[in-house]
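The block underneath contains the structure these notes are about, expressed in structure tokens.
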Amino acid sequence: MKKTTGVRTMKLFTGLVFCSLVLGVSSEWYSFLGEAAQGAWDMWRAYSDMREANYIGADKYFHARGNYDAAQRGPGGAWAAKVISDARENSQRVTDFFRHGNSGHGAEDSKADQAANEWGRSGKDPNHFRPAGLPSKY
């Protein structure tokens, strides 16, 4: 009788350890996905503000701000910011290809955009790129 009780206790203990490991890993994934969704929202908000402001020379600031805000959410937000920034740059290249010219942004502007994106994701202050005269609303 004792032998059976010991086996049951060991199975119960092993099951509890396994379940806690599974739940711990899945909660990290839920956290990552939540951060990614919030980071994507931060990127969208910065993009919307950039379009609304329509201020010459402010695009680098908005790139840096969106990436900064998203990266502050955690690893999921930083991942979302990188994916969105890279997708935007790649779509700009495709658009330039089909227009048989360029969108007015050129390779050096793309490099500057990526530098602003990386600046923001690294946690540095996005106001470094803020142009003088940009309304305080942004």
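By convention here, the chains of the structure tokens are called A, B, ... in the order presented, each chain's residues are numbered starting at 1, and ligands are numbered starting at 1 in the order presented.
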Exercise for review: May I have the residues within 9 Å of Trp79 of chain A as a PyMOL selection string, using only C-alpha atoms and disregarding those fewer than 6 positions away in the same chain?
Suggested key: chain A and resi 36+39+70-71
Exercise for review: Would you list the contacts of Ala78 of chain A as a ChimeraX atom specification, taking every protein, DNA or RNA residue within 12 Å and counting only C-alpha atoms, but skipping same-chain residues closer than 4 positions in sequence?
Suggested key: /A:32-40,42-43,66-74,82-85,117-123
Point to revise | Spatial neighbours of Tyr47 of chain A, 10 Å, only C-alpha atoms, chain gap at least 5 places, as a PyMOL selection string | key: chain A and resi 41-42+52-53+59+62-63+65-66
Practice item. Mind giving me the straight-line distance from atom CA of Trp44 of chain A to atom CA of Phe98 of chain A in Å, one decimal? Key: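 One can read the atom CA of Trp44 of chain A to atom CA of Phe98 of chain A distance as 25.4 Å.
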Check your understanding: Which is closest to Asp109 of chain A among A:Lys60, A:Lys124, A:Lys137, A:Arg51, if we use only C-alpha atoms?
Key -> A:Lys60
